[in-house]
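**Student:** Next up is a structure, given as structure tokens.
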Amino acid sequence: MLNVPHRIHWPTLLNLLLFTAALVAALSYQGEKLHLLSISCLTLLVWAGTLLWRRHASGITVPLSAAAMILTAFWGWLALSLVWNPVQGTGPVYLAWIGIFPTAFWLYTLSSPAERSWTVIFKIVQLAGVVLAVWAMVQLLVLGTTPRSVFLDVNSHAAFLGLIALPVAAQFLNETDNTLRRRWLTAVILLVLTLAVAITGSRGVMVSAAVALLPLIWLARRHATRRALWQMLSLIAIGFVAGNLFAQGYTVSRLASVMDPVSAGESRYLIWRAAWKLVESAPWFGHGLGNFVHLYPGVRQPDDNSAGFLVHNDYLQFWVEAGLPAVVLLALLYAAIAWQFFRASGAPGQRLEAAGLFGGLLLVALHSFLNFNFYLAATLLVSGLWLGRLHELTAPVMSRTLVFSPARFVRLSVYRLLVVLVLAIPAAWFVALGAAYLAYQQGHVHASKGRFLAAHESFNLAVRLYPEMDIIYFTHADLYRYMLMPLPATKQADREALFHAAEESLARGEQLNPYRAQTYWVRGDLYASARDLAGPEWSNRAEAEYKKAIALNPRFFAARENYARLLIRLGRMQDAHALLEAGLREWYPEHPSLARYLS
């Protein structure tokens, strides 16, 4: 293990602060608040800028190992998939999101040994893991809620802690010669992390962790004392037993259910069978990054009670969205990492540390067959750094590298100007994305309080900042519809202006994302509520839009309800009854408006 330097020069300290900020923002981002994703990516971008800023004279050394090149190829294929992605605004967001993994790897790998400060980075991650573990225990024991800390899903929380716990276990094995106080601290951290994983009852994480622990045990038999190995295993066992007691036997009962895989994975099987239909329709190039959530409602089974945002199998989701090459490249990356790890040599301490990092990455890789770790910003960030450190420990000394020396081509001032200009482009995009999301949310707040003009201005600002965000357009169109409804016939010019503005906004939204069911729902409501402006065929036009919305999402009960009201108004009672009866076959999550639809 590296020792923490007594004096940290300002570039290294800045990098550590940037990493901490990126980790905090990534932990806070769970797929909705885009300004947090923007903050996390912006801090990584600044980290890249500080790294490149000082590389004019010393140059940039790029390793040409198989793992590094395949990871970059995987990233490149995802970027290439944006070319045929029919949803213009979603793809780049998901590319930036998933790209946190290779970005973190390259940031660590391209840093000089003096800048990496691995020990401090590892301590920051350990601290984050302990805080999350303690918070999860408070949730279970004090608040009586699900122990998932900041994550929306308890399995994601458990996988993140497991990713940290495996390297901590390796650190414990490596600290036999250190002070008793330091060993006790590491032992406590390992115990807390193990206990926190156990109380979740996450079957996938616990089974994956057991498999991922095997390489560490295998190497510990040769490179660690038998006493240290038994102490490590005892700590894990104590954490598991204590977690089961705190969870009142829930942990053991969940593990026992693994013996019945049909029952244990029933909910996921429904998702996978439906997702496979999407694979079959575009197996080679996929449907585009981020589009599963839009396409899945059309193939979802009626009794599927999942949220429908993710496949709960990252490899199947990559196949759906980015095609077979993405899955193949990811499999090749795993093979390259495993090959490099098992062929590596080095001091016993380095081998044990590498085994802990490899185990953490293996846990995430295995658990991703059952969950969505590649769609969790914090897990991607830590995994990328783990891979960078593992690559540093296991890469052969004589491995090929490419050294790029900017000083041979341009002056220092020109080089730094180029660095600023190149990084300013993605930085401006991230700022615009985050600001547009905040403006959009502010528009929602204004609209909910009846401040329609302020909401209109907020939505216009969001469009100017990020015109590819399609959700702005149907929301803005619905605002126009609400503004139009109370206007009297004497203000016909204003009514026509609002009607045409709504139509234009919906047309732009449909152009950006043809899979968004809400666009057609709002358009149907617009035609049904402004019959004189929609023309003599208003009912046919409204009905066509409702049908499109329900075809894209059969579980869209708001569209069914409004369509049924239209049919009742037209005197088609049997059609309205059949429409609502068809909707009753679907499973619905709890929602304030659901009772009105069911009544």
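Residues in the structure tokens are numbered from 1 in each chain, the chains being A, B, ... in the order shown, and ligands are numbered from 1 in the order shown.
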Which of range 102-170 of chain A end up as helix (DSSP H, G or I) when DSSP is run on this backbone - answer as a compact mmCIF listing (two decimals) with C-alpha atoms, in the first residue's frame?

**Tutor:**
# COMPACT_ATOMS: atom_id res chain seq x y z
CA PRO A 102 -14.21 4.80 -18.63
CA THR A 103 -13.66 8.46 -17.70
CA ALA A 104 -12.72 7.55 -14.13
CA PHE A 105 -10.43 4.80 -15.39
CA TRP A 106 -8.57 7.10 -17.75
CA LEU A 107 -8.35 9.95 -15.24
CA TYR A 108 -6.58 7.65 -12.80
CA THR A 109 -4.46 5.91 -15.43
CA LEU A 110 -3.24 9.07 -17.14
CA PRO A 113 2.15 8.31 -9.87
CA ALA A 114 2.63 11.39 -7.67
CA GLU A 115 -0.84 12.69 -8.55
CA ARG A 116 -2.84 9.51 -8.03
CA TRP A 118 -4.60 6.14 -4.22
CA THR A 119 -4.51 5.78 -0.45
CA VAL A 120 -6.43 9.02 0.08
CA ILE A 121 -8.94 8.19 -2.65
CA PHE A 122 -9.52 4.79 -1.06
CA LYS A 123 -10.04 6.36 2.35
CA ILE A 124 -12.60 8.79 0.92
CA VAL A 125 -14.53 5.92 -0.63
CA GLN A 126 -14.33 3.91 2.60
CA LEU A 127 -15.70 6.87 4.53
CA ALA A 128 -18.57 7.21 2.05
CA GLY A 129 -19.30 3.49 2.39
CA VAL A 130 -19.36 3.62 6.20
CA VAL A 131 -21.65 6.67 6.20
CA LEU A 132 -24.07 4.93 3.82
CA ALA A 133 -23.91 1.72 5.86
CA VAL A 134 -24.66 3.52 9.13
CA TRP A 135 -27.49 5.48 7.52
CA ALA A 136 -29.00 2.23 6.19
CA MET A 137 -28.88 0.71 9.68
CA VAL A 138 -30.62 3.79 11.07
CA GLN A 139 -33.29 3.40 8.39
CA LEU A 140 -33.91 -0.22 9.41
CA LEU A 141 -33.57 -0.06 13.19
CA VAL A 142 -34.82 3.44 13.98
CA LEU A 143 -37.05 4.56 11.14
CA VAL A 154 -31.87 -1.76 -1.89
CA ASN A 155 -29.90 -4.10 -4.17
CA SER A 156 -28.02 -1.16 -5.70
CA HIS A 157 -27.09 0.03 -2.21
CA ALA A 158 -25.86 -3.46 -1.27
CA ALA A 159 -23.80 -3.79 -4.46
CA PHE A 160 -22.11 -0.43 -3.87
CA LEU A 161 -21.13 -1.45 -0.33
CA GLY A 162 -19.91 -4.81 -1.60
CA LEU A 163 -17.77 -3.07 -4.19
CA ILE A 164 -16.02 -1.29 -1.32
CA ALA A 165 -15.98 -4.21 1.15
CA LEU A 166 -13.85 -6.56 -1.01
CA PRO A 167 -10.85 -4.18 -1.24
CA VAL A 168 -11.25 -3.42 2.48
CA ALA A 169 -10.96 -7.15 3.18
CA ALA A 170 -7.73 -7.23 1.15

**Student:** Excluding Ala395 in chain A and its own-chain neighbours fewer than 3 positions away, which residues fall within 12 Å of it when counting only C-alpha atoms? Please give them as a PyMOL selection string.

**Tutor:** chain A and resi 63-68+109+336-346+350-351+354+387-392+398-401

**Student:** Point out the residue among A:Leu180, A:Thr200, A:Arg572, A:Val87 with the least atom-to-atom distance to Gln248 in chain A, counting only C-alpha atoms.

**Tutor:** A:Thr200

**Student:** Which one is closest to Pro554 in chain A: A:Asn371, A:Ser529, A:Gln301, A:Asn313? Count only C-alpha atoms.

**Tutor:**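 So, comparing all the options, the nearest one is A:Gln301.
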
**Student:** So which one's closest to Arg523 in chain A, A:Tyr588, A:Tyr375, A:Phe557, A:Phe474? Using only C-alpha atoms, please.

**Tutor:**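 That would be A:Phe474, the residue with the smallest distance to Arg523 in chain A.
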
**Student:** Mind checking which residues fall within 6 Å of range 203-211 of chain A, counting only C-alpha atoms, ignoring those fewer than 3 positions away in the same chain, and posting them as a short mmCIF file (atom, residue, chain, number, x, y, z; two decimals) with all heavy atoms, in the first residue's frame?

**Tutor:**
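What landed in selection_25.cif:
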data_model
loop_
_atom_site.label_atom_id
_atom_site.label_comp_id
_atom_site.auth_asym_id
_atom_site.auth_seq_id
_atom_site.Cartn_x
_atom_site.Cartn_y
_atom_site.Cartn_z
N ALA A 159 -24.89 -3.58 -3.50
CA ALA A 159 -23.80 -3.79 -4.46
C ALA A 159 -22.71 -2.73 -4.31
O ALA A 159 -21.51 -3.04 -4.41
CB ALA A 159 -24.34 -3.78 -5.89
N LEU A 214 -13.65 -15.53 -3.57
CA LEU A 214 -12.80 -16.71 -3.80
C LEU A 214 -11.38 -16.35 -4.30
O LEU A 214 -10.40 -16.93 -3.80
CB LEU A 214 -13.49 -17.65 -4.78
CG LEU A 214 -14.79 -18.29 -4.27
CD1 LEU A 214 -15.41 -19.18 -5.36
CD2 LEU A 214 -14.53 -19.10 -3.01
N LEU A 255 -31.74 -15.80 1.50
CA LEU A 255 -30.75 -16.70 0.90
C LEU A 255 -31.35 -18.07 0.64
O LEU A 255 -31.04 -18.72 -0.37
CB LEU A 255 -29.53 -16.82 1.81
CG LEU A 255 -28.43 -15.79 1.62
CD1 LEU A 255 -27.29 -16.05 2.59
CD2 LEU A 255 -27.91 -15.79 0.19
N LEU A 363 -17.80 -8.72 -8.33
CA LEU A 363 -19.11 -8.66 -7.68
C LEU A 363 -20.08 -7.83 -8.52
O LEU A 363 -21.22 -8.24 -8.76
CB LEU A 363 -18.97 -8.07 -6.28
CG LEU A 363 -20.23 -7.99 -5.40
CD1 LEU A 363 -19.85 -8.01 -3.92
CD2 LEU A 363 -21.06 -6.73 -5.67
N LEU A 366 -21.00 -9.69 -11.81
CA LEU A 366 -21.94 -10.79 -11.62
C LEU A 366 -23.33 -10.27 -11.25
O LEU A 366 -24.34 -10.74 -11.77
CB LEU A 366 -21.43 -11.73 -10.52
CG LEU A 366 -20.16 -12.52 -10.84
CD1 LEU A 366 -19.68 -13.28 -9.61
CD2 LEU A 366 -20.38 -13.47 -12.00
N HIS A 367 -23.35 -9.30 -10.35
CA HIS A 367 -24.65 -8.79 -9.90
C HIS A 367 -25.37 -8.04 -11.01
O HIS A 367 -26.61 -7.91 -10.98
CB HIS A 367 -24.44 -7.86 -8.70
CG HIS A 367 -25.71 -7.41 -8.07
ND1 HIS A 367 -26.09 -6.08 -8.01
CD2 HIS A 367 -26.72 -8.10 -7.48
CE1 HIS A 367 -27.25 -5.98 -7.40
NE2 HIS A 367 -27.67 -7.19 -7.08
#

**Student:** Go through A:Leu484, A:Ala551, A:Leu52, A:Leu465 one by one, measure the shortest atom-to-atom distance of each to Leu533 in chain A using only C-alpha atoms, and give the residue with the smallest value.

**Tutor:**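 Nearest candidate to Leu533 in chain A out of A:Leu484, A:Ala551, A:Leu52, A:Leu465: A:Leu484.
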
**Student:** Could you pull out the strand (DSSP E) residues of range 389-456 of chain A from DSSP and send them as a list in words?

**Tutor:**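 So the strand (DSSP E) residues in range 389-456 of chain A would be Thr401, Leu402, Val403 and Phe404 of chain A.
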
**Student:** Include all heavy atoms and write out the residues we just selected as a short mmCIF file (atom, residue, chain, number, x, y, z; two decimals), in the first residue's frame.

**Tutor:**
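Okay, part08.cif is ready:
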data_model
loop_
_atom_site.label_atom_id
_atom_site.label_comp_id
_atom_site.auth_asym_id
_atom_site.auth_seq_id
_atom_site.Cartn_x
_atom_site.Cartn_y
_atom_site.Cartn_z
N THR A 401 3.23 1.17 -24.54
CA THR A 401 2.60 2.45 -24.25
C THR A 401 2.79 3.40 -25.43
O THR A 401 3.68 3.21 -26.27
CB THR A 401 3.19 3.11 -22.99
OG1 THR A 401 4.60 3.31 -23.19
CG2 THR A 401 2.96 2.25 -21.76
N LEU A 402 1.95 4.39 -25.47
CA LEU A 402 2.07 5.45 -26.47
C LEU A 402 2.29 6.75 -25.73
O LEU A 402 1.50 7.12 -24.86
CB LEU A 402 0.80 5.52 -27.31
CG LEU A 402 0.70 6.69 -28.30
CD1 LEU A 402 1.75 6.54 -29.39
CD2 LEU A 402 -0.70 6.78 -28.90
N VAL A 403 3.38 7.44 -26.05
CA VAL A 403 3.71 8.69 -25.38
C VAL A 403 3.48 9.84 -26.35
O VAL A 403 4.09 9.91 -27.41
CB VAL A 403 5.18 8.70 -24.89
CG1 VAL A 403 5.49 10.02 -24.20
CG2 VAL A 403 5.44 7.53 -23.96
N PHE A 404 2.57 10.72 -25.96
CA PHE A 404 2.28 11.90 -26.77
C PHE A 404 2.88 13.11 -26.08
O PHE A 404 2.57 13.41 -24.93
CB PHE A 404 0.77 12.08 -26.92
CG PHE A 404 0.38 13.36 -27.60
CD1 PHE A 404 0.67 13.57 -28.94
CD2 PHE A 404 -0.25 14.38 -26.89
CE1 PHE A 404 0.32 14.76 -29.56
CE2 PHE A 404 -0.60 15.56 -27.51
CZ PHE A 404 -0.31 15.76 -28.85
#

**Student:** Hey, which of A:Leu185, A:Met469, A:Leu361, A:Val258 ends up closest to Leu512 in chain A? Count only C-alpha atoms.

**Tutor:** A:Met469

**Student:** Show me, as an MDAnalysis selection string, the residues that have an atom within 9 Å of Arg555 in chain A when counting only C-alpha atoms, minus same-chain residues fewer than 5 positions from it.

**Tutor:** chainID A and resid 297 302 550 560 583 586:588

**Student:** Emit the selected residues as a PDB file, in the first residue's frame, including all heavy atoms.

**Tutor:**
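In the end it all went to result_27.pdb:
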ATOM      1  N   PRO A 297     -42.908  -0.183 -22.447  1.00  0.00           N
ATOM      2  CA  PRO A 297     -44.359  -0.279 -22.197  1.00  0.00           C
ATOM      3  C   PRO A 297     -45.119  -0.990 -23.301  1.00  0.00           C
ATOM      4  O   PRO A 297     -46.142  -1.639 -23.038  1.00  0.00           O
ATOM      5  CB  PRO A 297     -44.786   1.184 -22.073  1.00  0.00           C
ATOM      6  CG  PRO A 297     -43.567   1.890 -21.598  1.00  0.00           C
ATOM      7  CD  PRO A 297     -42.427   1.205 -22.280  1.00  0.00           C
ATOM      8  N   PRO A 302     -48.838  -7.697 -18.864  1.00  0.00           N
ATOM      9  CA  PRO A 302     -49.810  -6.999 -18.013  1.00  0.00           C
ATOM     10  C   PRO A 302     -49.575  -7.161 -16.518  1.00  0.00           C
ATOM     11  O   PRO A 302     -49.884  -6.269 -15.735  1.00  0.00           O
ATOM     12  CB  PRO A 302     -51.152  -7.634 -18.429  1.00  0.00           C
ATOM     13  CG  PRO A 302     -50.925  -8.118 -19.814  1.00  0.00           C
ATOM     14  CD  PRO A 302     -49.495  -8.573 -19.850  1.00  0.00           C
ATOM     15  N   ILE A 550     -51.998   5.108 -26.079  1.00  0.00           N
ATOM     16  CA  ILE A 550     -52.264   3.827 -25.427  1.00  0.00           C
ATOM     17  C   ILE A 550     -51.496   2.704 -26.100  1.00  0.00           C
ATOM     18  O   ILE A 550     -51.060   1.750 -25.451  1.00  0.00           O
ATOM     19  CB  ILE A 550     -53.783   3.551 -25.412  1.00  0.00           C
ATOM     20  CG1 ILE A 550     -54.477   4.601 -24.554  1.00  0.00           C
ATOM     21  CG2 ILE A 550     -54.090   2.150 -24.902  1.00  0.00           C
ATOM     22  CD1 ILE A 550     -55.992   4.576 -24.650  1.00  0.00           C
ATOM     23  N   ARG A 560     -56.261   6.601 -21.087  1.00  0.00           N
ATOM     24  CA  ARG A 560     -57.468   5.767 -21.183  1.00  0.00           C
ATOM     25  C   ARG A 560     -58.686   6.500 -20.608  1.00  0.00           C
ATOM     26  O   ARG A 560     -59.782   6.462 -21.180  1.00  0.00           O
ATOM     27  CB  ARG A 560     -57.261   4.452 -20.429  1.00  0.00           C
ATOM     28  CG  ARG A 560     -56.424   3.428 -21.155  1.00  0.00           C
ATOM     29  CD  ARG A 560     -56.446   2.089 -20.440  1.00  0.00           C
ATOM     30  NE  ARG A 560     -55.561   1.141 -21.093  1.00  0.00           N
ATOM     31  CZ  ARG A 560     -55.915   0.365 -22.114  1.00  0.00           C
ATOM     32  NH1 ARG A 560     -57.160   0.431 -22.575  1.00  0.00           N
ATOM     33  NH2 ARG A 560     -55.051  -0.461 -22.654  1.00  0.00           N
ATOM     34  N   GLY A 583     -58.017  -1.940 -19.961  1.00  0.00           N
ATOM     35  CA  GLY A 583     -57.003  -1.374 -19.075  1.00  0.00           C
ATOM     36  C   GLY A 583     -56.924  -2.069 -17.737  1.00  0.00           C
ATOM     37  O   GLY A 583     -55.879  -2.047 -17.077  1.00  0.00           O
ATOM     38  N   GLU A 586     -54.115  -4.599 -16.807  1.00  0.00           N
ATOM     39  CA  GLU A 586     -52.766  -4.139 -16.500  1.00  0.00           C
ATOM     40  C   GLU A 586     -52.593  -3.937 -14.991  1.00  0.00           C
ATOM     41  O   GLU A 586     -53.544  -3.606 -14.280  1.00  0.00           O
ATOM     42  CB  GLU A 586     -52.479  -2.809 -17.213  1.00  0.00           C
ATOM     43  CG  GLU A 586     -52.638  -2.860 -18.720  1.00  0.00           C
ATOM     44  CD  GLU A 586     -51.526  -3.605 -19.409  1.00  0.00           C
ATOM     45  OE1 GLU A 586     -50.429  -3.737 -18.815  1.00  0.00           O
ATOM     46  OE2 GLU A 586     -51.735  -4.067 -20.557  1.00  0.00           O
ATOM     47  N   TRP A 587     -51.335  -4.124 -14.545  1.00  0.00           N
ATOM     48  CA  TRP A 587     -50.986  -3.823 -13.153  1.00  0.00           C
ATOM     49  C   TRP A 587     -50.601  -2.356 -13.065  1.00  0.00           C
ATOM     50  O   TRP A 587     -49.892  -1.836 -13.924  1.00  0.00           O
ATOM     51  CB  TRP A 587     -49.823  -4.690 -12.684  1.00  0.00           C
ATOM     52  CG  TRP A 587     -49.404  -4.402 -11.271  1.00  0.00           C
ATOM     53  CD1 TRP A 587     -49.868  -4.983 -10.135  1.00  0.00           C
ATOM     54  CD2 TRP A 587     -48.427  -3.443 -10.842  1.00  0.00           C
ATOM     55  NE1 TRP A 587     -49.262  -4.469  -9.025  1.00  0.00           N
ATOM     56  CE2 TRP A 587     -48.361  -3.507  -9.422  1.00  0.00           C
ATOM     57  CE3 TRP A 587     -47.601  -2.527 -11.493  1.00  0.00           C
ATOM     58  CZ2 TRP A 587     -47.517  -2.709  -8.678  1.00  0.00           C
ATOM     59  CZ3 TRP A 587     -46.760  -1.725 -10.755  1.00  0.00           C
ATOM     60  CH2 TRP A 587     -46.726  -1.826  -9.362  1.00  0.00           C
ATOM     61  N   TYR A 588     -51.056  -1.675 -12.002  1.00  0.00           N
ATOM     62  CA  TYR A 588     -50.759  -0.253 -11.841  1.00  0.00           C
ATOM     63  C   TYR A 588     -50.119   0.008 -10.484  1.00  0.00           C
ATOM     64  O   TYR A 588     -50.558  -0.546  -9.468  1.00  0.00           O
ATOM     65  CB  TYR A 588     -52.047   0.580 -11.941  1.00  0.00           C
ATOM     66  CG  TYR A 588     -52.721   0.501 -13.278  1.00  0.00           C
ATOM     67  CD1 TYR A 588     -53.783  -0.381 -13.485  1.00  0.00           C
ATOM     68  CD2 TYR A 588     -52.300   1.279 -14.339  1.00  0.00           C
ATOM     69  CE1 TYR A 588     -54.413  -0.461 -14.713  1.00  0.00           C
ATOM     70  CE2 TYR A 588     -52.919   1.207 -15.580  1.00  0.00           C
ATOM     71  CZ  TYR A 588     -53.967   0.332 -15.762  1.00  0.00           C
ATOM     72  OH  TYR A 588     -54.585   0.257 -16.990  1.00  0.00           O
TER      73      TYR A 588
END

**Student:** Env of Ser38 in chain A: 10 Å cut, atoms = only C-alpha atoms, seq-sep filter 6 positions within chain, self excluded. Answer as a list in words.

**Tutor:**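 The filter keeps Ala22, Ala25, Ala26, Tyr29, Leu44, Val93, Ala96, Trp97, Ala427, Trp429, Phe430, Val431, Ala432, Leu433, Gly434 and Ala435 of chain A.
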